[in-house]
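Enquirer: Structure file entry_30.txt (compact mmCIF, N, CA and C atoms) right here:
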# COMPACT_ATOMS: atom_id res chain seq x y z
N MET A 1 24.19 -8.07 24.83
CA MET A 1 24.00 -7.57 23.48
C MET A 1 25.06 -6.51 23.22
N ARG A 2 25.80 -6.71 22.14
CA ARG A 2 26.82 -5.73 21.74
C ARG A 2 26.29 -4.99 20.51
N LEU A 3 25.93 -3.72 20.69
CA LEU A 3 25.40 -2.93 19.58
C LEU A 3 26.50 -2.09 18.95
N ARG A 4 26.39 -1.95 17.64
CA ARG A 4 27.29 -1.05 16.90
C ARG A 4 26.42 -0.06 16.14
N PHE A 5 26.68 1.22 16.32
CA PHE A 5 25.98 2.26 15.60
C PHE A 5 26.42 2.20 14.14
N LEU A 6 25.45 2.14 13.21
CA LEU A 6 25.77 2.10 11.79
C LEU A 6 25.56 3.45 11.12
N GLY A 7 24.50 4.16 11.50
CA GLY A 7 24.29 5.45 10.87
C GLY A 7 22.99 6.10 11.27
N ILE A 8 22.95 7.39 11.00
CA ILE A 8 21.76 8.20 11.23
C ILE A 8 21.51 8.98 9.96
N ILE A 9 20.26 9.32 9.67
CA ILE A 9 19.95 10.03 8.44
C ILE A 9 20.79 11.32 8.41
N PRO A 10 21.49 11.55 7.31
CA PRO A 10 22.37 12.72 7.24
C PRO A 10 21.59 14.02 7.46
N ASN A 11 22.24 14.96 8.11
CA ASN A 11 21.68 16.29 8.37
C ASN A 11 20.34 16.24 9.08
N THR A 12 20.17 15.25 9.94
CA THR A 12 18.90 15.09 10.64
C THR A 12 18.73 16.18 11.69
N PRO A 13 17.49 16.69 11.80
CA PRO A 13 17.24 17.62 12.91
C PRO A 13 17.24 16.85 14.23
N VAL A 14 17.33 17.57 15.32
CA VAL A 14 17.44 16.96 16.63
C VAL A 14 16.28 16.00 16.94
N ASP A 15 15.07 16.33 16.48
CA ASP A 15 13.90 15.52 16.84
C ASP A 15 13.37 14.67 15.69
N ASP A 16 14.17 14.39 14.70
CA ASP A 16 13.75 13.59 13.55
C ASP A 16 14.96 12.76 13.15
N SER A 17 15.08 11.54 13.70
CA SER A 17 16.38 10.89 13.60
C SER A 17 16.33 9.40 13.29
N PRO A 18 15.90 8.98 12.08
CA PRO A 18 16.02 7.57 11.74
C PRO A 18 17.47 7.10 11.93
N THR A 19 17.63 5.98 12.62
CA THR A 19 18.94 5.49 13.03
C THR A 19 18.99 3.98 12.86
N ILE A 20 20.19 3.44 12.58
CA ILE A 20 20.36 1.99 12.44
C ILE A 20 21.53 1.54 13.32
N TRP A 21 21.29 0.44 14.05
CA TRP A 21 22.32 -0.21 14.85
C TRP A 21 22.40 -1.68 14.44
N LEU A 22 23.53 -2.30 14.66
CA LEU A 22 23.74 -3.73 14.41
C LEU A 22 24.00 -4.42 15.73
N ASP A 23 23.23 -5.49 16.00
CA ASP A 23 23.50 -6.35 17.15
C ASP A 23 24.61 -7.29 16.70
N GLU A 24 25.80 -7.08 17.19
CA GLU A 24 26.95 -7.86 16.72
C GLU A 24 26.91 -9.31 17.20
N ASP A 25 26.10 -9.61 18.20
CA ASP A 25 25.98 -10.99 18.66
C ASP A 25 25.06 -11.81 17.76
N SER A 26 23.94 -11.21 17.34
CA SER A 26 22.95 -11.96 16.55
C SER A 26 22.98 -11.62 15.06
N GLY A 27 23.55 -10.46 14.72
CA GLY A 27 23.52 -10.00 13.33
C GLY A 27 22.24 -9.25 12.98
N ASP A 28 21.34 -9.12 13.96
CA ASP A 28 20.08 -8.41 13.72
C ASP A 28 20.33 -6.91 13.59
N LEU A 29 19.45 -6.25 12.84
CA LEU A 29 19.47 -4.80 12.75
C LEU A 29 18.38 -4.24 13.64
N LEU A 30 18.68 -3.17 14.34
CA LEU A 30 17.69 -2.43 15.11
C LEU A 30 17.52 -1.11 14.39
N ILE A 31 16.28 -0.81 14.00
CA ILE A 31 16.03 0.35 13.16
C ILE A 31 15.01 1.26 13.81
N GLN A 32 15.39 2.50 13.99
CA GLN A 32 14.46 3.54 14.42
C GLN A 32 14.13 4.33 13.16
N SER A 33 12.86 4.40 12.82
CA SER A 33 12.49 5.12 11.61
C SER A 33 11.04 5.54 11.69
N TYR A 34 10.51 5.97 10.58
CA TYR A 34 9.14 6.47 10.52
C TYR A 34 8.15 5.31 10.52
N THR A 35 7.07 5.45 11.27
CA THR A 35 6.01 4.46 11.26
C THR A 35 5.28 4.54 9.93
N ALA A 36 5.03 3.40 9.32
CA ALA A 36 4.27 3.38 8.06
C ALA A 36 2.87 3.91 8.32
N THR A 37 2.34 4.62 7.34
CA THR A 37 0.98 5.14 7.46
C THR A 37 -0.01 3.99 7.29
N ALA A 38 -1.24 4.22 7.67
CA ALA A 38 -2.29 3.21 7.49
C ALA A 38 -2.40 2.84 6.01
N GLU A 39 -2.29 3.81 5.14
CA GLU A 39 -2.36 3.55 3.69
C GLU A 39 -1.21 2.65 3.24
N GLU A 40 -0.01 2.89 3.76
CA GLU A 40 1.15 2.06 3.40
C GLU A 40 0.99 0.64 3.91
N VAL A 41 0.50 0.50 5.13
CA VAL A 41 0.28 -0.84 5.71
C VAL A 41 -0.75 -1.59 4.86
N LYS A 42 -1.84 -0.93 4.48
CA LYS A 42 -2.86 -1.58 3.65
C LYS A 42 -2.27 -2.00 2.31
N ALA A 43 -1.41 -1.17 1.73
CA ALA A 43 -0.77 -1.52 0.45
C ALA A 43 0.12 -2.75 0.61
N CYS A 44 0.87 -2.82 1.71
CA CYS A 44 1.72 -4.00 1.98
C CYS A 44 0.85 -5.24 2.15
N GLN A 45 -0.27 -5.10 2.87
CA GLN A 45 -1.16 -6.23 3.09
C GLN A 45 -1.81 -6.67 1.78
N ALA A 46 -2.15 -5.71 0.92
CA ALA A 46 -2.77 -6.05 -0.37
C ALA A 46 -1.79 -6.82 -1.25
N LEU A 47 -0.52 -6.45 -1.23
CA LEU A 47 0.49 -7.15 -2.02
C LEU A 47 0.80 -8.51 -1.42
N GLY A 48 0.87 -8.58 -0.08
CA GLY A 48 1.19 -9.85 0.58
C GLY A 48 2.65 -10.19 0.45
N SER A 49 2.98 -11.43 0.78
CA SER A 49 4.38 -11.86 0.70
C SER A 49 4.46 -13.22 0.01
N VAL A 50 4.13 -14.29 0.71
CA VAL A 50 4.14 -15.62 0.10
C VAL A 50 2.72 -16.18 0.15
N PRO A 51 2.34 -16.96 -0.84
CA PRO A 51 0.98 -17.50 -0.85
C PRO A 51 0.63 -18.23 0.44
N GLY A 52 -0.55 -17.94 0.96
CA GLY A 52 -1.03 -18.61 2.16
C GLY A 52 -0.57 -18.00 3.46
N HIS A 53 0.34 -17.04 3.41
CA HIS A 53 0.85 -16.42 4.63
C HIS A 53 -0.06 -15.26 5.01
N SER A 54 -0.34 -15.12 6.29
CA SER A 54 -1.20 -14.05 6.78
C SER A 54 -0.61 -12.69 6.43
N THR A 55 -1.50 -11.75 6.12
CA THR A 55 -1.04 -10.38 5.87
C THR A 55 -1.27 -9.48 7.09
N ASP A 56 -1.77 -10.07 8.19
CA ASP A 56 -1.96 -9.30 9.41
C ASP A 56 -0.59 -8.93 9.99
N VAL A 57 -0.52 -7.78 10.63
CA VAL A 57 0.70 -7.36 11.32
C VAL A 57 0.45 -7.60 12.81
N PRO A 58 1.12 -8.60 13.39
CA PRO A 58 0.88 -8.92 14.80
C PRO A 58 1.25 -7.75 15.71
N ASP A 59 0.69 -7.75 16.90
CA ASP A 59 0.95 -6.67 17.86
C ASP A 59 2.43 -6.52 18.19
N HIS A 60 3.20 -7.60 18.11
CA HIS A 60 4.62 -7.53 18.46
C HIS A 60 5.50 -7.16 17.25
N GLU A 61 4.90 -6.81 16.11
CA GLU A 61 5.62 -6.39 14.91
C GLU A 61 5.07 -5.05 14.44
N THR A 62 5.82 -4.40 13.58
CA THR A 62 5.36 -3.16 12.96
C THR A 62 5.97 -3.04 11.57
N ILE A 63 5.41 -2.20 10.75
CA ILE A 63 6.00 -1.88 9.45
C ILE A 63 6.55 -0.47 9.56
N ILE A 64 7.83 -0.30 9.23
CA ILE A 64 8.44 1.02 9.26
C ILE A 64 8.81 1.44 7.85
N ARG A 65 8.97 2.72 7.65
CA ARG A 65 9.44 3.26 6.37
C ARG A 65 10.88 3.71 6.58
N LEU A 66 11.80 3.10 5.85
CA LEU A 66 13.22 3.45 5.93
C LEU A 66 13.55 4.36 4.76
N PRO A 67 13.96 5.62 5.00
CA PRO A 67 14.30 6.51 3.90
C PRO A 67 15.42 5.92 3.02
N ALA A 68 15.33 6.13 1.72
CA ALA A 68 16.30 5.57 0.77
C ALA A 68 17.74 5.95 1.14
N VAL A 69 17.95 7.14 1.65
CA VAL A 69 19.30 7.58 2.00
C VAL A 69 19.91 6.70 3.09
N MET A 70 19.07 6.00 3.87
CA MET A 70 19.56 5.14 4.93
C MET A 70 20.09 3.81 4.42
N ARG A 71 19.79 3.45 3.16
CA ARG A 71 20.26 2.17 2.62
C ARG A 71 21.78 2.08 2.61
N GLN A 72 22.46 3.21 2.59
CA GLN A 72 23.92 3.21 2.60
C GLN A 72 24.50 2.60 3.88
N PHE A 73 23.70 2.55 4.94
CA PHE A 73 24.18 2.03 6.21
C PHE A 73 23.87 0.54 6.42
N LEU A 74 23.09 -0.06 5.51
CA LEU A 74 22.75 -1.48 5.66
C LEU A 74 23.98 -2.33 5.35
N PRO A 75 24.35 -3.23 6.26
CA PRO A 75 25.51 -4.09 6.01
C PRO A 75 25.23 -5.01 4.83
N ARG A 76 26.25 -5.27 4.04
CA ARG A 76 26.11 -6.18 2.91
C ARG A 76 26.66 -7.53 3.33
N LEU A 77 25.87 -8.57 3.12
CA LEU A 77 26.28 -9.91 3.48
C LEU A 77 27.18 -10.49 2.40
N GLU A 78 28.19 -11.20 2.82
CA GLU A 78 29.09 -11.86 1.88
C GLU A 78 28.75 -13.34 1.82
N ASP A 79 28.95 -13.95 0.65
CA ASP A 79 28.76 -15.40 0.57
C ASP A 79 30.05 -16.10 1.01
N GLU A 80 30.11 -17.41 0.86
CA GLU A 80 31.26 -18.19 1.33
C GLU A 80 32.57 -17.79 0.67
N THR A 81 32.52 -17.22 -0.53
CA THR A 81 33.75 -16.85 -1.25
C THR A 81 34.22 -15.45 -0.86
N GLY A 82 33.45 -14.77 -0.01
CA GLY A 82 33.82 -13.41 0.36
C GLY A 82 33.22 -12.38 -0.59
N GLU A 83 32.48 -12.86 -1.59
CA GLU A 83 31.87 -11.95 -2.57
C GLU A 83 30.50 -11.51 -2.07
N VAL A 84 30.15 -10.27 -2.36
CA VAL A 84 28.82 -9.77 -2.06
C VAL A 84 27.89 -10.24 -3.17
N PRO A 85 26.82 -10.99 -2.83
CA PRO A 85 25.91 -11.48 -3.86
C PRO A 85 25.25 -10.33 -4.61
N ARG A 86 25.07 -10.50 -5.89
CA ARG A 86 24.37 -9.50 -6.70
C ARG A 86 22.89 -9.85 -6.71
N THR A 87 22.07 -8.82 -6.54
CA THR A 87 20.62 -9.04 -6.56
C THR A 87 19.97 -8.31 -7.69
If you convert what's in this file into structure tokens, what do you get?
Expert:
Amino acid sequence: MRLRFLGIIPNTPVDDSPTIWLDEDSGDLLIQSYTATAEEVKACQALGSVPGHSTDVPDHETIIRLPAVMRQFLPRLEDETGEVPRT
């Protein structure tokens, strides 16, 4: 696994450090951030995702809260033309 450091929350104190890395082999992101509260998890479950899909969070998954300031470090995917898709 070849990891690349993408960023850490600006001006973070020593013991509070949301961080993002990119696995350059798989393209996956590894994110260290705040654990979602029980209230936030319940809100995500209430909203759901796609019809018929379970809203349970399996033991091998978690919901994290990524601070908005960290979005600057998320890589932008390009389409076949080299353009970043607009969402």
Enquirer: Using all atoms listed in the file, which protein or nucleic acid residues come within 6 Å of A:Leu22? Drop anything in the same chain fewer than 6 positions from it, and give the result as a ChimeraX atom specification.
Expert: /A:2-6,28-30
Enquirer: Would you pick out the contacts of stretch 64-75 of chain A at 6.5 Å or less, using all atoms listed in the file, so that residues sharing its chain but fewer than 4 positions from it are not included, and give the list as number ranges by chain?
Expert: A: 6-7, 9, 33-36
Enquirer: Take the residues from that selection and write them out as an mmCIF file, in the frame of the given file, keeping N, CA and C atoms.
Expert:
data_model
loop_
_atom_site.group_PDB
_atom_site.id
_atom_site.type_symbol
_atom_site.label_atom_id
_atom_site.label_comp_id
_atom_site.auth_asym_id
_atom_site.auth_seq_id
_atom_site.Cartn_x
_atom_site.Cartn_y
_atom_site.Cartn_z
ATOM 1 N N LEU A 6 25.450 2.140 13.210
ATOM 2 C CA LEU A 6 25.770 2.100 11.790
ATOM 3 C C LEU A 6 25.560 3.450 11.120
ATOM 4 N N GLY A 7 24.500 4.160 11.500
ATOM 5 C CA GLY A 7 24.290 5.450 10.870
ATOM 6 C C GLY A 7 22.990 6.100 11.270
ATOM 7 N N ILE A 9 20.260 9.320 9.670
ATOM 8 C CA ILE A 9 19.950 10.030 8.440
ATOM 9 C C ILE A 9 20.790 11.320 8.410
ATOM 10 N N SER A 33 12.860 4.400 12.820
ATOM 11 C CA SER A 33 12.490 5.120 11.610
ATOM 12 C C SER A 33 11.040 5.540 11.690
ATOM 13 N N TYR A 34 10.510 5.970 10.580
ATOM 14 C CA TYR A 34 9.140 6.470 10.520
ATOM 15 C C TYR A 34 8.150 5.310 10.520
ATOM 16 N N THR A 35 7.070 5.450 11.270
ATOM 17 C CA THR A 35 6.010 4.460 11.260
ATOM 18 C C THR A 35 5.280 4.540 9.930
ATOM 19 N N ALA A 36 5.030 3.400 9.320
ATOM 20 C CA ALA A 36 4.270 3.380 8.060
ATOM 21 C C ALA A 36 2.870 3.910 8.320
#
Enquirer: Would you place a box with edges along x, y and z of the file around all atoms of stretch 6-15 of chain A listed there, add 4 Å to each of its six sides, and report the centre and edge lengths in Å to one decimal, as lines of an AutoDock Vina configuration file?
Expert:
center_x = 19.6
center_y = 9.9
center_z = 12.1
size_x = 20.4
size_y = 23.5
size_z = 17.7
Enquirer: Rounded to one decimal in Å, what is the spacing between atom N of A:Ile20 and atom C of A:Thr62?
Expert: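 According to the coordinates, atom N of A:Ile20 and atom C of A:Thr62 are separated by 15.7 Å.
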Enquirer: What is the atom CA of A:Val50-atom CA of A:Ser26 distance in Å, reported with one decimal?
Expert: 25.3 Å
Enquirer: Ranking A:Met1, A:Glu61, A:Thr37, A:Asp56 by minimum distance to A:Asp23 and counting only C-alpha atoms, which one comes first?
Expert: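 Smallest separation from A:Asp23 among the options: A:Met1.
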Enquirer: What are the DSSP alpha helix (DSSP H) residues of chain A, as a list in words?
Expert: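 Reading the DSSP output for chain A, alpha helix (DSSP H) covers Ala38, Glu39, Glu40, Val41, Lys42, Ala43, Cys44, Gln45, Ala46 and Leu47 of chain A.
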Enquirer: Could you state the separation of atom CA of A:Asp15 and atom CA of A:Ala43 in Å, given to one decimal place?
Expert: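 Calculated distance between atom CA of A:Asp15 and atom CA of A:Ala43 is 27.8 Å.
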